[in-house]
Each structure stands twice: as structure tokens, then as C-alpha cells.
Amino acid sequence: MTNLTATPARLLSADSHPFIAAPDLAAVRILVVGDVMLDRYWFGDVSRISPEAPVPIVRIERREERLGGAANVARNAAALGAHCGLLGVVGADEAGEQVAQLLAESRIDSYLQRDAAISTIIKLRVIGRQQQLLRIDFEDAPTDTVLRDKLTQFNALLPDFDVVILSDYNKGSLVNVAHMIEAGRAAGKIVMVDPKGDDFSRYAGATVLTPNKSEFRRIVGSWSSEEQLTTKAQALRTELRLDALLLTRSEEGMSLYTAHEVLHMHADAREVFDVSGAGDTVIATMASMLGAGMPMADAIMTANRAGGIVVGKLGTATVTREELFGL
């Protein structure tokens with residue numbers, strides 16, 4: 001029986017890799033598949049409390065719309081210079097049209113499926129004095145017919161891309177995720193998955209799985225030491241037949257578990273303003289770097305730096321190639 005805790009571990013830092021050259025991402029082709037959302041932000045001033053209830057009154061002064069969910073992953077990859085396509089489901093409504101327009105503005109190839117039976121998923125955030133006061137979610141699960149069409153289109157698109165990112169927000173768009181992973185790996189693609197839910201067995205066979213700490217704890221339970229964490233992570237990686245498991249650990253940084261070693265990366269120390277979409281930035285950056293042929297250790301370090309930059313921005317944001325590599 002293999003002793004999983006015996007896997008060699010090392011700590012990565014900026015000192016261990018002082019210079020990472022910016023790769024040419026123009027030739028990298030990434031297909032993002034998953035739950036597509038529209039993020040709406042209402043910004044305003046708060047000057048008094050409502051007489052009707054003990055809540056602040058926000059006088060809205062500005063509105064902003066951004067790509068959310070899987071669309072934000074695609075937006076992050078495109079912002080770095082990768083050629084990116086997005087396959088997902090939206091409603092046949094105004095919000096769906098807005099998503100399509102934002103994709104065009106970000107130079108993302110749109111393969112959106114329109115489902116007339118649902119409304120586009122919207123996350124509405126009300127911001128007062130640069131703080132989020134309220135979030136309102138509107139969401140429906142796609143219909144079976146549209147999901148079957150989406151799987152057919154995925155199989156048709158697959159040969160044109162090098163890397164597949166499956167961005168699961170548990171909203172119903174990735175019920176066929178196991179088939180997508182199988183097809184992607186059979187075609188020799190890098191398949192990265194940002195998981196959700198209580199059952200990770202559907203992600204078996206992926207190249208890299210990127211759960212955050214709370215998602216991982218829900219699957220394997222708690223741990224009391226790094227050794228116990230490594231044992232649980234390696235056991236899950238082996239069970240799911242993953243090439244690697246990347247655990248994002250908030251202020252503790254991130255850890256990558258492979259059959260050969262464990263890599264720990266401290267969090268890139270920055271002032272945290274908003275963690276919304278940080279996981280999207282990490283997986284998009286790592287996918288872009290791996291697609292460009294960057295070694296795994298350098299790809300992790302670059303993704304960690306990108307996550308540190310994006311948490312200093314408000315809402316679902318992106319990192320540019322210039323910010324990431326100091327160009």
C-alpha cells in the first residue's frame with residue numbers, strides 16, 4: 001500500500017523562482033464551459049437609515065454590468081491574451097443579450113445556448129461607500145433539451161481548443177460534466193475543473209481539480225495537521241484519477257498535490273478588498289500558463305500572483321498581462 005504522506009513537499013516562493021518570463025499566450029486556445037452569469041453592480045451613497053426598517057437607504061448613482069460565473073473565467077483568460085471561447089446557457093432575455101455584448105467587447109468567442117424557458121442567471125450587488133450591502137440572486141436551471149444540445153456542441157468544438165476549463169457553480173449547466181471530462185482527456189486536452197457540491201466523483205479523470213478550502217473540507221472532512229491534509233488530498237487525488245489537485249487556501253496560499261510531490265505557495269501578501277471571483281482568476285491564469293507550456297510550479301506561482309492582484313479590486317475583476325509580469 002502506498003504511503004501517501006511520504007510524498008516529498010516543498011515550499012515555493014518568489015525567491016525560489018525570482019524571474020518568470022511572460023509567455024506568448026496568443027496561440028493558447030481555451031474553451032470555458034459552465035454556469036454563465038451576469039453580475040450587476042449598483043453603486044450609491046448611504047446617508048440615512050430607513051424609517052420602515054433598520055436598514056440603510058442607498059441612493060443609486062451608478063450602475064455597472066460584468067461577466068460572471070464561467071463567463072468571468074473566460075474574461076480572465078482573454079484579459080491575459082489567450083484565445084478564449086465560452087459555451088454556456090443563458091435565457092432568451094435582455095440579460096442574455098447583455099452577456100453576449102460583453103463577450104464581444106472582451107473578444108471572447110460566444111457559443112451561448114439560448115433557453116427560452118429560463119431567465120439568465122443574475123447576481124445583483126448593491127454597493128454603498130465601497131462596501132457590499134446586499135446581493136440578490138436570480139437563477140433558473142437549464143432545460144434538458146438545451147443541455148443535450150450543449151453537450152453535442154461541446155463535442156464539436158473540442159478539436160479546436162488546447163485547454164478546457166469546466167467552471168461549476170452548481171446551477172445546473174454541467175450535469176454532463178463526466179462526459180465532457182472523458183471526451184476532453186480522450187482527445188488529449190488539459191481539462192481543469194473548478195468544482196462545487198457534495199459529490200466530486202463526477203469530476204473523476206480530470207487533469208487538475210481546483211477546490212477551495214471549504215469545498216474540500218465538505219468532501220474529506222477536517223484535518224488537524226499538514227500531514228493529515230496531505231494524506232486526505234492525495235487519497236482524493238488517487239481516487240478521482242487526477243493528475244493534480246490544487247487546493248486554494250485563502251490567506252494560507254495554495255497547495256498542489258501530484259503523484260510526485262506537494263508544492264506549497266504562500267499567499268501573495270496584499271490588502272484584500274474583495275475576494276469575489278478570485279478562484280476564477282486563479283484557474284484561468286493557471287490554464288493559460290499550462291496551455292503555453294509553462295512548468296507546473298511556475299504556473300502555480302503565476303496563478304497565485306494573479307489571485308493576489310485581483311483581491312485588491314472591487315467585484316469580479318481581471319488581471320492584465322502587464323500587471324502580472326510587470327511589462
# chains A, B, ... in the order shown; residues from 1 in each chain; ligands from 1
$ closest_atom_pairs --of "range 197-262 of chain A" --to "range 301-309 of chain A" --cutoff "10 Å" --atoms "only C-alpha atoms" --output "JSON lines"
{"residue": "A:Thr248", "atom": "CA", "partner": "A:Asn304", "partner_atom": "CA", "distance": 9.1}
{"residue": "A:Ser250", "atom": "CA", "partner": "A:Gly307", "partner_atom": "CA", "distance": 9.6}
{"residue": "A:Glu251", "atom": "CA", "partner": "A:Gly308", "partner_atom": "CA", "distance": 9.8}
{"residue": "A:Gly253", "atom": "CA", "partner": "A:Asn304", "partner_atom": "CA", "distance": 7.4}
{"residue": "A:Met254", "atom": "CA", "partner": "A:Asn304", "partner_atom": "CA", "distance": 7.5}
$ write_last_selection --atoms "N, CA and C atoms" --output "PDB file, in the first residue's frame"
ATOM      1  N   THR A 248      -6.889  25.752  -3.048  1.00  0.00           N
ATOM      2  CA  THR A 248      -6.722  27.171  -2.747  1.00  0.00           C
ATOM      3  C   THR A 248      -7.149  27.407  -1.303  1.00  0.00           C
ATOM      4  N   SER A 250      -7.095  30.482   0.709  1.00  0.00           N
ATOM      5  CA  SER A 250      -7.278  31.870   1.157  1.00  0.00           C
ATOM      6  C   SER A 250      -5.957  32.467   1.629  1.00  0.00           C
ATOM      7  N   GLU A 251      -5.946  32.941   2.882  1.00  0.00           N
ATOM      8  CA  GLU A 251      -4.752  33.604   3.404  1.00  0.00           C
ATOM      9  C   GLU A 251      -3.570  32.658   3.588  1.00  0.00           C
ATOM     10  N   GLY A 253      -2.555  30.681   1.232  1.00  0.00           N
ATOM     11  CA  GLY A 253      -1.975  30.446  -0.079  1.00  0.00           C
ATOM     12  C   GLY A 253      -2.642  29.286  -0.800  1.00  0.00           C
ATOM     13  N   MET A 254      -1.834  28.441  -1.444  1.00  0.00           N
ATOM     14  CA  MET A 254      -2.379  27.293  -2.143  1.00  0.00           C
ATOM     15  C   MET A 254      -1.385  26.140  -2.121  1.00  0.00           C
TER      16      MET A 254
END
$ select_by_dssp --residues "range 101-157 of chain A" --states "alpha helix (DSSP H)" --output "list in words"
Gln101, Leu102, Leu103, Ala104, Glu105, Asp144, Thr145, Val146, Leu147, Arg148, Asp149, Lys150, Leu151, Thr152, Gln153, Phe154, Asn155, Ala156 and Leu157 of chain A
$ residues_around --residues "Ile57 in chain A" --least-positions-apart "5" --cutoff "12 Å" --atoms "only C-alpha atoms" --output "list in words"
Phe43, Gly44, Asp45, Val46, Ser47, Arg48, Ile49, Ser50, Pro51, Glu52, Val126, Ile127, Gly128, Arg129, Leu133 and Leu134 of chain A
$ atom_distance --atom1 "CA of Tyr169 in chain A" --atom2 "CA of Asp35 in chain A"
6.0 Å
$ closest_residue --among "A:Asp39, A:Glu226, A:Asp115, A:Glu64" --to "Val99 in chain A" --atoms "only C-alpha atoms"
A:Asp39
$ residues_around --residues "Leu147 in chain A" --least-positions-apart "5" --cutoff "12 Å" --atoms "only C-alpha atoms" --output "list in words"
Val33, Gly34, Asp35, Leu87, Gly88, Val89, Val90, Leu112, Gln113, Arg114, Asp115, Ala141, Pro142, Thr152, Gln153, Phe154, Gly172, Ser173, Leu174, Val175, Asn176 and Val177 of chain A
$ select_by_dssp --residues "range 48-287 of chain A" --states "strand (DSSP E)" --output "PyMOL selection string"
chain A and resi 48-49+56-69+83-91+109-115+121-128+131-138+163-167+190-194+208-209+244-248+254-258+262-265
$ closest_residue --among "A:Gly197, A:Tyr203, A:Val146, A:Thr230" --to "Arg218 in chain A" --atoms "only C-alpha atoms"
A:Gly197
$ residues_around --residues "Asp194 in chain A" --least-positions-apart "2" --cutoff "8 Å" --atoms "only C-alpha atoms" --output "PyMOL selection string"
chain A and resi 165-168+192+196+209-211+283
$ atom_distance --atom1 "CA of Arg237 in chain A" --atom2 "CA of Asp280 in chain A"
21.1 Å
$ closest_residue --among "A:His179, A:His83, A:Lys171, A:Lys150" --to "Thr120 in chain A" --atoms "only C-alpha atoms"
A:Lys171
$ closest_residue --among "A:Ala284, A:Gln98, A:Trp42, A:Phe325" --to "Gln130 in chain A" --atoms "only C-alpha atoms"
A:Trp42
